[in-house]
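Input: a single structure, listed below in structure tokens.
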Amino acid sequence: MTQIPERMRALVLKEDGFSGRFEGPAIDDAHRWLELAELPVPQPGPGQVLLRVRRATVNPSDLHFIKGEYGQPRRKGTPAGFEGCGDVVAAGPGAEGLLGRRVAFVATPDGSGAWADYALTAASAAIPLADAVSDADGAALIVNPLTAMAMIDLAAEGSPAVVLTAAGSQLGKLMIALARDRDLAPIAVIRRAEQAPALEALGAAEVLVTTAPDFRERAAAAMRAHKPRVLLDAVADDVSAALFEAMPAHARWVVYGKLDPTPPRVTAMGQLIFMGKRIEGFWLSRWLAETPRERQAEVVAEVQRRFADGRWHTDVAAELPLAEALDRLPEALRAGGKVQILP
């Protein structure tokens, strides 16, 4: 029987609710939003599990959330962190089947966050991991991979190609590989030219560098050549708007992130009327609520296979001990790559 302590360490939120501002996910000083605290270890209720956390991932959505600019309110004094990997050490009624399992998990509103020694979540938000899936991949198995699967499914609906902004990110690389496997031509949009060779090796049909002097001309040529009808956008800036305007009739601009805090200027509004174009948003939480459980199970199984056989992997750039994360997080994020927190 696993010995569970009475208290645990956690990075907890210092503020409640929404901030009323939008500054983007950049973090200069994590102490402004979080503090390292000692809390009672939570106890699982019906349908809940308690996990001893192995690793927790830092995603842009986490950074938006701790700053009060995400789609759900903060709760002061509760642990942050949406996603991680851990071992189920206690289970409430109805969740006993997960006891002792290594799982990937996401935090649920009635539970506690992953940036802690222990986390509480709904049993339905915990996914037993295959032995071949590493802890590093398990800690990043849900947010980015399920988003990639859902959005590439969307892009495959009648489009021969897909445009991906922030294509050098972990999620961008997952989508490039998946689009290639689905016979879609991925058009990767990046800011740093040094990322291009790796994305081409993954299967990008075109790599457009927004800082290049000929970016607009190359983008227009790519739109003519590949005729993409879906833009999957994590940045939502003026470049995104220009790409959308260059796309053919019936194009869809799907915004799933807001890395740039400056609102885009959409000037060709007539295209929405006369060319049947549309702008919409994607939020994984809504996809999970609306997608049948059977389809979700199929997607999760495919995600695990991709990590197990090496088609996907998590590029971990920094591993931060929980006790050091507040001081080291800003620098680790600026270096690029995925950051994970280890209790």
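Chain labels A, B, ... are given in the sequence in which chains occur in the structure tokens; within each chain residues are numbered consecutively from 1, and ligands are likewise numbered from 1 in the order shown.
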**Request:** Would you kindly return, as a list in words, each protein, DNA or RNA residue with an atom no farther than 7 Å from any atom of Ile127 (chain A), considering only C-alpha atoms and excluding same-chain residues fewer than 5 positions away?
**Result:** Val103, Ala104 and Phe105 of chain A
**Message:** DSSP on the backbone: which residues in region 213-303 of chain A end up as alpha helix (DSSP H)? Give the answer as a PyMOL selection string.
**Reply:** chain A and resi 215-226+238-246+270-274+284-290+293-303
**Prompt:** Near Val316 (chain A), counting only C-alpha atoms, which residues have an atom at most 7 Å away, once you skip same-chain residues fewer than 6 positions from it, shown as a ChimeraX atom specification?
**Reply:** /A:337-339
Can I get the selection written as a short mmCIF file (atom, residue, chain, number, x, y, z; two decimals), in the first residue's frame, with C-alpha atoms?
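Below you can see out-v4.cif, which holds the result:
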data_model
loop_
_atom_site.label_atom_id
_atom_site.label_comp_id
_atom_site.auth_asym_id
_atom_site.auth_seq_id
_atom_site.Cartn_x
_atom_site.Cartn_y
_atom_site.Cartn_z
CA GLY A 337 10.74 23.77 -26.60
CA LYS A 338 8.45 22.06 -24.12
CA VAL A 339 8.99 22.68 -20.41
#
**Message:** Let me make sure I understand: among A:Ala56, A:Ala119, A:Ala251, A:Val163, which one has the smallest atom-to-atom distance to Ala140 (chain A) if we use only C-alpha atoms?
**Reply:**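 Of A:Ala56, A:Ala119, A:Ala251, A:Val163, the one nearest Ala140 (chain A) is A:Ala56, counting only C-alpha atoms.
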**Message:** If we count only C-alpha atoms and set the cut-off at 10 Å, which residues sit around region 325-331 of chain A, ignoring sequence neighbours fewer than 2 positions away in its own chain? Please answer as a ChimeraX atom specification.
**Reply:** /A:11,26-36,58,115,318-323,333-336,339-343
For the residues in that selection, give me N, CA, C and O atoms as an mmCIF file, in the first residue's frame.
data_model
loop_
_atom_site.group_PDB
_atom_site.id
_atom_site.type_symbol
_atom_site.label_atom_id
_atom_site.label_comp_id
_atom_site.auth_asym_id
_atom_site.auth_seq_id
_atom_site.Cartn_x
_atom_site.Cartn_y
_atom_site.Cartn_z
ATOM 1 N N LEU A 11 2.527 24.643 -6.737
ATOM 2 C CA LEU A 11 2.572 26.012 -7.238
ATOM 3 C C LEU A 11 1.132 26.497 -7.335
ATOM 4 O O LEU A 11 0.358 26.015 -8.171
ATOM 5 N N ALA A 26 3.486 35.268 -22.567
ATOM 6 C CA ALA A 26 4.854 35.526 -22.099
ATOM 7 C C ALA A 26 4.858 35.759 -20.583
ATOM 8 O O ALA A 26 3.976 36.431 -20.035
ATOM 9 N N ILE A 27 5.859 35.195 -19.905
ATOM 10 C CA ILE A 27 6.003 35.318 -18.460
ATOM 11 C C ILE A 27 7.394 35.858 -18.156
ATOM 12 O O ILE A 27 8.404 35.233 -18.471
ATOM 13 N N ASP A 28 7.468 37.045 -17.544
ATOM 14 C CA ASP A 28 8.758 37.613 -17.140
ATOM 15 C C ASP A 28 9.115 37.278 -15.703
ATOM 16 O O ASP A 28 10.291 37.164 -15.359
ATOM 17 N N ASP A 29 8.089 37.135 -14.860
ATOM 18 C CA ASP A 29 8.313 36.854 -13.444
ATOM 19 C C ASP A 29 7.169 35.984 -12.950
ATOM 20 O O ASP A 29 6.056 36.464 -12.716
ATOM 21 N N ALA A 30 7.414 34.685 -12.788
ATOM 22 C CA ALA A 30 6.357 33.766 -12.368
ATOM 23 C C ALA A 30 5.875 34.048 -10.952
ATOM 24 O O ALA A 30 4.749 33.693 -10.591
ATOM 25 N N HIS A 31 6.715 34.694 -10.141
ATOM 26 C CA HIS A 31 6.314 35.022 -8.767
ATOM 27 C C HIS A 31 5.123 35.980 -8.750
ATOM 28 O O HIS A 31 4.420 36.058 -7.736
ATOM 29 N N ARG A 32 4.916 36.700 -9.826
ATOM 30 C CA ARG A 32 3.772 37.622 -9.882
ATOM 31 C C ARG A 32 2.445 36.876 -9.862
ATOM 32 O O ARG A 32 1.443 37.395 -9.346
ATOM 33 N N TRP A 33 2.441 35.653 -10.394
ATOM 34 C CA TRP A 33 1.186 34.928 -10.559
ATOM 35 C C TRP A 33 1.057 33.699 -9.662
ATOM 36 O O TRP A 33 -0.057 33.237 -9.411
ATOM 37 N N LEU A 34 2.200 33.160 -9.216
ATOM 38 C CA LEU A 34 2.206 31.894 -8.495
ATOM 39 C C LEU A 34 3.066 31.993 -7.242
ATOM 40 O O LEU A 34 3.958 32.845 -7.146
ATOM 41 N N GLU A 35 2.825 31.078 -6.297
ATOM 42 C CA GLU A 35 3.719 30.924 -5.161
ATOM 43 C C GLU A 35 3.821 29.448 -4.805
ATOM 44 O O GLU A 35 2.884 28.674 -5.034
ATOM 45 N N LEU A 36 4.970 29.057 -4.284
ATOM 46 C CA LEU A 36 5.164 27.688 -3.820
ATOM 47 C C LEU A 36 4.593 27.587 -2.417
ATOM 48 O O LEU A 36 5.000 28.328 -1.522
ATOM 49 N N VAL A 58 4.056 22.291 -19.184
ATOM 50 C CA VAL A 58 3.688 23.709 -19.246
ATOM 51 C C VAL A 58 3.275 24.017 -20.681
ATOM 52 O O VAL A 58 4.101 23.958 -21.597
ATOM 53 N N TRP A 115 0.721 20.985 -11.212
ATOM 54 C CA TRP A 115 2.017 21.509 -10.777
ATOM 55 C C TRP A 115 2.132 21.337 -9.270
ATOM 56 O O TRP A 115 2.147 22.309 -8.498
ATOM 57 N N ALA A 318 13.381 21.573 -21.276
ATOM 58 C CA ALA A 318 13.795 21.842 -19.894
ATOM 59 C C ALA A 318 12.948 21.031 -18.931
ATOM 60 O O ALA A 318 11.733 20.911 -19.115
ATOM 61 N N GLU A 319 13.608 20.484 -17.925
ATOM 62 C CA GLU A 319 12.945 19.778 -16.830
ATOM 63 C C GLU A 319 13.239 20.541 -15.550
ATOM 64 O O GLU A 319 14.395 20.641 -15.137
ATOM 65 N N LEU A 320 12.207 21.089 -14.930
ATOM 66 C CA LEU A 320 12.389 21.953 -13.769
ATOM 67 C C LEU A 320 11.887 21.263 -12.510
ATOM 68 O O LEU A 320 10.712 20.874 -12.442
ATOM 69 N N PRO A 321 12.730 21.096 -11.493
ATOM 70 C CA PRO A 321 12.218 20.612 -10.206
ATOM 71 C C PRO A 321 11.152 21.568 -9.676
ATOM 72 O O PRO A 321 11.255 22.794 -9.841
ATOM 73 N N LEU A 322 10.123 21.017 -9.064
ATOM 74 C CA LEU A 322 9.011 21.830 -8.578
ATOM 75 C C LEU A 322 9.492 22.985 -7.702
ATOM 76 O O LEU A 322 9.010 24.120 -7.828
ATOM 77 N N ALA A 323 10.464 22.715 -6.825
ATOM 78 C CA ALA A 323 10.938 23.737 -5.901
ATOM 79 C C ALA A 323 11.671 24.876 -6.598
ATOM 80 O O ALA A 323 11.803 25.967 -6.045
ATOM 81 N N LEU A 333 11.162 29.045 -20.654
ATOM 82 C CA LEU A 333 10.177 29.291 -21.705
ATOM 83 C C LEU A 333 10.782 30.088 -22.856
ATOM 84 O O LEU A 333 10.471 29.837 -24.022
ATOM 85 N N ARG A 334 11.624 31.039 -22.548
ATOM 86 C CA ARG A 334 12.236 31.848 -23.603
ATOM 87 C C ARG A 334 13.171 31.020 -24.481
ATOM 88 O O ARG A 334 13.381 31.332 -25.659
ATOM 89 N N ALA A 335 13.719 29.946 -23.936
ATOM 90 C CA ALA A 335 14.656 29.119 -24.695
ATOM 91 C C ALA A 335 13.962 28.303 -25.768
ATOM 92 O O ALA A 335 14.615 27.806 -26.697
ATOM 93 N N GLY A 336 12.638 28.139 -25.684
ATOM 94 C CA GLY A 336 11.893 27.365 -26.669
ATOM 95 C C GLY A 336 11.846 25.904 -26.304
ATOM 96 O O GLY A 336 12.615 25.404 -25.474
ATOM 97 N N VAL A 339 8.506 22.667 -21.794
ATOM 98 C CA VAL A 339 8.993 22.685 -20.411
ATOM 99 C C VAL A 339 8.125 21.751 -19.584
ATOM 100 O O VAL A 339 6.896 21.777 -19.687
ATOM 101 N N GLN A 340 8.777 20.918 -18.765
ATOM 102 C CA GLN A 340 8.050 20.043 -17.853
ATOM 103 C C GLN A 340 8.545 20.246 -16.428
ATOM 104 O O GLN A 340 9.728 20.535 -16.203
ATOM 105 N N ILE A 341 7.617 20.115 -15.485
ATOM 106 C CA ILE A 341 7.897 20.307 -14.062
ATOM 107 C C ILE A 341 7.879 18.941 -13.383
ATOM 108 O O ILE A 341 6.951 18.156 -13.574
ATOM 109 N N LEU A 342 8.924 18.679 -12.596
ATOM 110 C CA LEU A 342 9.066 17.393 -11.918
ATOM 111 C C LEU A 342 9.022 17.594 -10.409
ATOM 112 O O LEU A 342 9.850 18.332 -9.859
ATOM 113 N N PRO A 343 8.069 16.966 -9.712
ATOM 114 C CA PRO A 343 8.039 17.069 -8.244
ATOM 115 C C PRO A 343 9.298 16.463 -7.619
ATOM 116 O O PRO A 343 9.944 15.605 -8.228
#
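Excluding Asp238 (chain A) itself and same-chain residues fewer than 2 positions from it, the residues having an atom within 12 Å of it are Thr165, Thr210, Asp233, Val235, Ala236, Ser240, Ala241, Ala242, Leu243, Phe244, Glu245, Lys258, Asp260, Pro261, Thr262, Pro263, Pro264, Arg265, Val266 and Thr267 of chain A, counting only C-alpha atoms.
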Would you mind exporting all heavy atoms of the selected residues as a compact mmCIF listing (two decimals), in the first residue's frame?
# COMPACT_ATOMS: atom_id res chain seq x y z
N THR A 165 0.15 28.01 -38.53
CA THR A 165 1.01 29.01 -37.93
C THR A 165 1.65 28.43 -36.67
O THR A 165 1.22 27.41 -36.15
CB THR A 165 0.23 30.29 -37.58
OG1 THR A 165 -0.75 29.99 -36.57
CG2 THR A 165 -0.45 30.87 -38.81
N THR A 210 8.00 34.23 -41.82
CA THR A 210 7.32 35.53 -41.82
C THR A 210 8.31 36.70 -41.80
O THR A 210 7.95 37.82 -42.19
CB THR A 210 6.37 35.66 -40.62
OG1 THR A 210 7.11 35.54 -39.39
CG2 THR A 210 5.31 34.58 -40.66
N ASP A 233 -4.62 28.28 -36.69
CA ASP A 233 -3.85 29.46 -36.28
C ASP A 233 -3.71 29.56 -34.75
O ASP A 233 -4.71 29.67 -34.04
CB ASP A 233 -4.54 30.71 -36.83
CG ASP A 233 -3.77 31.97 -36.54
OD1 ASP A 233 -2.55 31.89 -36.35
OD2 ASP A 233 -4.40 33.05 -36.52
N VAL A 235 -1.56 32.02 -33.56
CA VAL A 235 -0.95 33.34 -33.35
C VAL A 235 -1.99 34.46 -33.39
O VAL A 235 -2.02 35.35 -32.54
CB VAL A 235 0.15 33.60 -34.39
CG1 VAL A 235 0.84 34.94 -34.12
CG2 VAL A 235 1.18 32.47 -34.36
N ALA A 236 -2.84 34.44 -34.42
CA ALA A 236 -3.93 35.42 -34.57
C ALA A 236 -3.41 36.85 -34.62
O ALA A 236 -3.79 37.71 -33.82
CB ALA A 236 -4.96 35.26 -33.45
N SER A 240 -1.53 36.36 -39.87
CA SER A 240 -2.61 35.39 -40.01
C SER A 240 -3.72 35.95 -40.89
O SER A 240 -4.26 35.25 -41.76
CB SER A 240 -3.17 35.02 -38.63
OG SER A 240 -2.17 34.51 -37.79
N ALA A 241 -4.07 37.21 -40.66
CA ALA A 241 -5.12 37.84 -41.45
C ALA A 241 -4.73 37.91 -42.93
O ALA A 241 -5.56 37.65 -43.82
CB ALA A 241 -5.42 39.23 -40.91
N ALA A 242 -3.47 38.22 -43.21
CA ALA A 242 -3.00 38.30 -44.59
C ALA A 242 -3.03 36.93 -45.25
O ALA A 242 -3.40 36.80 -46.43
CB ALA A 242 -1.60 38.89 -44.64
N LEU A 243 -2.65 35.89 -44.52
CA LEU A 243 -2.71 34.54 -45.06
C LEU A 243 -4.15 34.16 -45.40
O LEU A 243 -4.43 33.60 -46.47
CB LEU A 243 -2.13 33.54 -44.05
CG LEU A 243 -0.62 33.59 -43.83
CD1 LEU A 243 -0.24 32.79 -42.59
CD2 LEU A 243 0.13 33.06 -45.04
N PHE A 244 -5.05 34.48 -44.51
CA PHE A 244 -6.46 34.15 -44.72
C PHE A 244 -7.01 34.86 -45.95
O PHE A 244 -7.73 34.27 -46.77
CB PHE A 244 -7.26 34.53 -43.48
CG PHE A 244 -8.73 34.24 -43.56
CD1 PHE A 244 -9.20 32.95 -43.73
CD2 PHE A 244 -9.65 35.27 -43.46
CE1 PHE A 244 -10.56 32.68 -43.80
CE2 PHE A 244 -11.01 35.02 -43.52
CZ PHE A 244 -11.47 33.72 -43.68
N GLU A 245 -6.66 36.12 -46.12
CA GLU A 245 -7.13 36.88 -47.26
C GLU A 245 -6.58 36.33 -48.57
O GLU A 245 -7.23 36.44 -49.62
CB GLU A 245 -6.76 38.35 -47.10
CG GLU A 245 -7.54 39.04 -45.97
CD GLU A 245 -7.09 40.47 -45.73
OE1 GLU A 245 -6.29 40.99 -46.55
OE2 GLU A 245 -7.53 41.07 -44.73
N LYS A 258 -3.71 32.39 -29.06
CA LYS A 258 -3.51 33.83 -29.25
C LYS A 258 -2.13 34.20 -28.71
O LYS A 258 -1.99 34.83 -27.66
CB LYS A 258 -4.61 34.61 -28.52
CG LYS A 258 -4.62 36.10 -28.87
CD LYS A 258 -5.12 36.34 -30.27
CE LYS A 258 -5.11 37.82 -30.64
NZ LYS A 258 -3.76 38.36 -30.90
N ASP A 260 0.03 36.20 -30.02
CA ASP A 260 0.29 37.63 -30.18
C ASP A 260 -0.85 38.41 -29.53
O ASP A 260 -2.01 38.25 -29.91
CB ASP A 260 0.39 37.98 -31.66
CG ASP A 260 0.93 39.38 -31.89
OD1 ASP A 260 0.61 40.29 -31.09
OD2 ASP A 260 1.67 39.59 -32.87
N PRO A 261 -0.54 39.25 -28.53
CA PRO A 261 -1.63 39.99 -27.85
C PRO A 261 -2.26 41.09 -28.68
O PRO A 261 -3.32 41.61 -28.32
CB PRO A 261 -0.94 40.57 -26.61
CG PRO A 261 0.50 40.68 -27.00
CD PRO A 261 0.77 39.52 -27.92
N THR A 262 -1.63 41.47 -29.82
CA THR A 262 -2.19 42.54 -30.66
C THR A 262 -3.29 41.98 -31.55
O THR A 262 -3.06 41.00 -32.28
CB THR A 262 -1.08 43.15 -31.54
OG1 THR A 262 0.00 43.58 -30.71
CG2 THR A 262 -1.63 44.33 -32.34
N PRO A 263 -4.48 42.56 -31.55
CA PRO A 263 -5.57 42.03 -32.38
C PRO A 263 -5.23 42.14 -33.87
O PRO A 263 -4.63 43.13 -34.31
CB PRO A 263 -6.76 42.93 -32.03
CG PRO A 263 -6.42 43.55 -30.73
CD PRO A 263 -4.93 43.69 -30.71
N PRO A 264 -5.59 41.15 -34.67
CA PRO A 264 -5.33 41.21 -36.11
C PRO A 264 -6.28 42.21 -36.78
O PRO A 264 -7.41 42.41 -36.33
CB PRO A 264 -5.61 39.79 -36.58
CG PRO A 264 -6.61 39.26 -35.61
CD PRO A 264 -6.25 39.88 -34.28
N ARG A 265 -5.82 42.79 -37.87
CA ARG A 265 -6.65 43.69 -38.65
C ARG A 265 -7.20 42.92 -39.86
O ARG A 265 -6.45 42.57 -40.76
CB ARG A 265 -5.84 44.90 -39.11
CG ARG A 265 -5.44 45.84 -37.99
CD ARG A 265 -4.46 46.87 -38.45
NE ARG A 265 -3.17 46.25 -38.79
CZ ARG A 265 -2.09 46.94 -39.18
NH1 ARG A 265 -2.16 48.25 -39.32
NH2 ARG A 265 -0.96 46.31 -39.46
N VAL A 266 -8.49 42.66 -39.83
CA VAL A 266 -9.15 41.94 -40.92
C VAL A 266 -9.81 42.99 -41.80
O VAL A 266 -10.80 43.61 -41.42
CB VAL A 266 -10.19 40.93 -40.39
CG1 VAL A 266 -10.82 40.16 -41.52
CG2 VAL A 266 -9.54 39.98 -39.39
N THR A 267 -9.25 43.20 -42.98
CA THR A 267 -9.71 44.31 -43.83
C THR A 267 -10.60 43.86 -44.97
O THR A 267 -11.42 44.64 -45.46
CB THR A 267 -8.49 45.07 -44.41
OG1 THR A 267 -7.67 44.16 -45.13
CG2 THR A 267 -7.67 45.69 -43.29
**Counting only C-alpha atoms, the option among A:Val230, A:Leu98, A:Met223, A:Val49 closest to Leu154 (chain A)** = A:Val230
**Item:** Long-range neighbours of Met175 (chain A) as a ChimeraX atom specification, 9 Å cut-off, only C-alpha atoms, 5 positions minimum in chain
**Value:** /A:145,147-149,151-152,164,167,170,180,186
Hey, can you spit out that residue selection with N, CA and C atoms as a PDB file, in the first residue's frame?
ATOM      1  N   PRO A 145      -1.744  16.640 -28.347  1.00  0.00           N
ATOM      2  CA  PRO A 145      -2.081  15.570 -29.289  1.00  0.00           C
ATOM      3  C   PRO A 145      -3.565  15.487 -29.641  1.00  0.00           C
ATOM      4  N   THR A 147      -5.689  17.936 -29.553  1.00  0.00           N
ATOM      5  CA  THR A 147      -5.943  19.112 -30.386  1.00  0.00           C
ATOM      6  C   THR A 147      -5.477  18.857 -31.817  1.00  0.00           C
ATOM      7  N   ALA A 148      -4.297  18.271 -31.965  1.00  0.00           N
ATOM      8  CA  ALA A 148      -3.783  17.965 -33.308  1.00  0.00           C
ATOM      9  C   ALA A 148      -4.719  17.027 -34.047  1.00  0.00           C
ATOM     10  N   MET A 149      -5.160  15.962 -33.394  1.00  0.00           N
ATOM     11  CA  MET A 149      -6.045  14.997 -34.043  1.00  0.00           C
ATOM     12  C   MET A 149      -7.357  15.653 -34.460  1.00  0.00           C
ATOM     13  N   MET A 151      -8.067  18.865 -34.994  1.00  0.00           N
ATOM     14  CA  MET A 151      -7.963  19.922 -36.000  1.00  0.00           C
ATOM     15  C   MET A 151      -7.540  19.384 -37.357  1.00  0.00           C
ATOM     16  N   ILE A 152      -6.712  18.369 -37.400  1.00  0.00           N
ATOM     17  CA  ILE A 152      -6.372  17.791 -38.704  1.00  0.00           C
ATOM     18  C   ILE A 152      -7.577  17.050 -39.277  1.00  0.00           C
ATOM     19  N   LEU A 164      -0.499  26.104 -41.274  1.00  0.00           N
ATOM     20  CA  LEU A 164      -0.265  25.989 -39.840  1.00  0.00           C
ATOM     21  C   LEU A 164       0.638  27.122 -39.381  1.00  0.00           C
ATOM     22  N   ALA A 167       4.229  26.823 -36.530  1.00  0.00           N
ATOM     23  CA  ALA A 167       4.456  25.432 -36.942  1.00  0.00           C
ATOM     24  C   ALA A 167       5.680  24.813 -36.300  1.00  0.00           C
ATOM     25  N   GLN A 170       5.629  22.480 -30.462  1.00  0.00           N
ATOM     26  CA  GLN A 170       5.372  21.061 -30.297  1.00  0.00           C
ATOM     27  C   GLN A 170       4.089  20.654 -31.015  1.00  0.00           C
ATOM     28  N   ARG A 180       0.707  15.030 -43.056  1.00  0.00           N
ATOM     29  CA  ARG A 180       1.432  14.262 -44.076  1.00  0.00           C
ATOM     30  C   ARG A 180       0.857  12.845 -44.180  1.00  0.00           C
ATOM     31  N   PRO A 186       0.994  20.057 -45.703  1.00  0.00           N
ATOM     32  CA  PRO A 186       1.118  21.053 -44.638  1.00  0.00           C
ATOM     33  C   PRO A 186       1.951  22.247 -45.093  1.00  0.00           C
TER      34      PRO A 186
END
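Nearest to Pro93 (chain A) of all the residues A:Ala80, A:Val209, A:Ala136, A:Ala123 is A:Ala123, based on only C-alpha atoms.
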**Request:** Enumerate, as a PyMOL selection string, the complete set of residues in region 9-257 of chain A that a backbone-based DSSP assignment places in strand (DSSP E).
**Result:** chain A and resi 9-13+34-40+48-58+83-91+102-106+118-122+126-128+161-164+185-190+206-209+230-233+252-255
**Prompt:** With distances taken over only C-alpha atoms, which of A:Glu38, A:Glu96, A:Glu15, A:Gly138 is nearest to Arg55 (chain A)?
**Reply:**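 Result for the nearest residue to Arg55 (chain A): A:Gly138.
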Residues at most 10 Å from region 188-190 of chain A, counting only C-alpha atoms, excluding those fewer than 3 positions away in the same chain, as a PDB file with C-alpha atoms, in the first residue's frame?
ATOM      1  CA  VAL A 162      -3.613  23.080 -44.514  1.00  0.00           C
ATOM      2  CA  VAL A 163      -1.827  26.224 -43.317  1.00  0.00           C
ATOM      3  CA  LEU A 164      -0.265  25.989 -39.840  1.00  0.00           C
ATOM      4  CA  THR A 165       1.012  29.015 -37.925  1.00  0.00           C
ATOM      5  CA  ALA A 166       3.487  28.575 -35.046  1.00  0.00           C
ATOM      6  CA  ALA A 167       4.456  25.432 -36.942  1.00  0.00           C
ATOM      7  CA  GLY A 168       7.731  25.076 -35.068  1.00  0.00           C
ATOM      8  CA  SER A 169       5.921  24.509 -31.775  1.00  0.00           C
ATOM      9  CA  GLY A 172       2.755  22.396 -34.912  1.00  0.00           C
ATOM     10  CA  LYS A 173       5.182  19.523 -35.405  1.00  0.00           C
ATOM     11  CA  MET A 175       0.143  18.409 -36.915  1.00  0.00           C
ATOM     12  CA  ILE A 176       2.707  18.460 -39.739  1.00  0.00           C
ATOM     13  CA  ALA A 185      -0.014  19.182 -47.794  1.00  0.00           C
ATOM     14  CA  ALA A 193      14.295  30.441 -40.450  1.00  0.00           C
ATOM     15  CA  GLU A 194      16.516  27.965 -38.583  1.00  0.00           C
ATOM     16  CA  GLN A 195      13.422  25.854 -37.840  1.00  0.00           C
ATOM     17  CA  ALA A 196      12.749  25.207 -41.545  1.00  0.00           C
ATOM     18  CA  LEU A 199       9.878  20.959 -40.474  1.00  0.00           C
ATOM     19  CA  GLU A 200      10.703  19.968 -44.040  1.00  0.00           C
ATOM     20  CA  GLY A 203       6.874  16.506 -44.190  1.00  0.00           C
ATOM     21  CA  ALA A 204       6.038  20.184 -44.610  1.00  0.00           C
ATOM     22  CA  ALA A 205       5.200  20.854 -48.272  1.00  0.00           C
ATOM     23  CA  GLU A 206       6.145  24.519 -47.894  1.00  0.00           C
ATOM     24  CA  VAL A 207       7.831  26.477 -45.107  1.00  0.00           C
ATOM     25  CA  LEU A 208       7.034  30.199 -45.033  1.00  0.00           C
ATOM     26  CA  VAL A 209       9.231  32.411 -42.851  1.00  0.00           C
ATOM     27  CA  THR A 210       7.323  35.534 -41.820  1.00  0.00           C
ATOM     28  CA  THR A 211      10.528  37.552 -41.279  1.00  0.00           C
ATOM     29  CA  PHE A 215       7.339  36.277 -47.372  1.00  0.00           C
ATOM     30  CA  ALA A 219       2.853  32.933 -49.353  1.00  0.00           C
ATOM     31  CA  ASP A 233      -3.853  29.457 -36.276  1.00  0.00           C
ATOM     32  CA  VAL A 239       0.194  37.859 -40.698  1.00  0.00           C
ATOM     33  CA  SER A 240      -2.610  35.389 -40.011  1.00  0.00           C
ATOM     34  CA  LEU A 243      -2.712  34.544 -45.058  1.00  0.00           C
TER      35      LEU A 243
END
**Asked** Between CA of Pro25 (chain A) and CA of Arg9 (chain A), what is the distance, to one decimal in Å?
**Response**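 Atom-to-atom, CA of Pro25 (chain A) and CA of Arg9 (chain A) are spaced 24.3 Å apart.
CA of Ala116 (chain A) lies 12.4 Å from CA of Gly77 (chain A).
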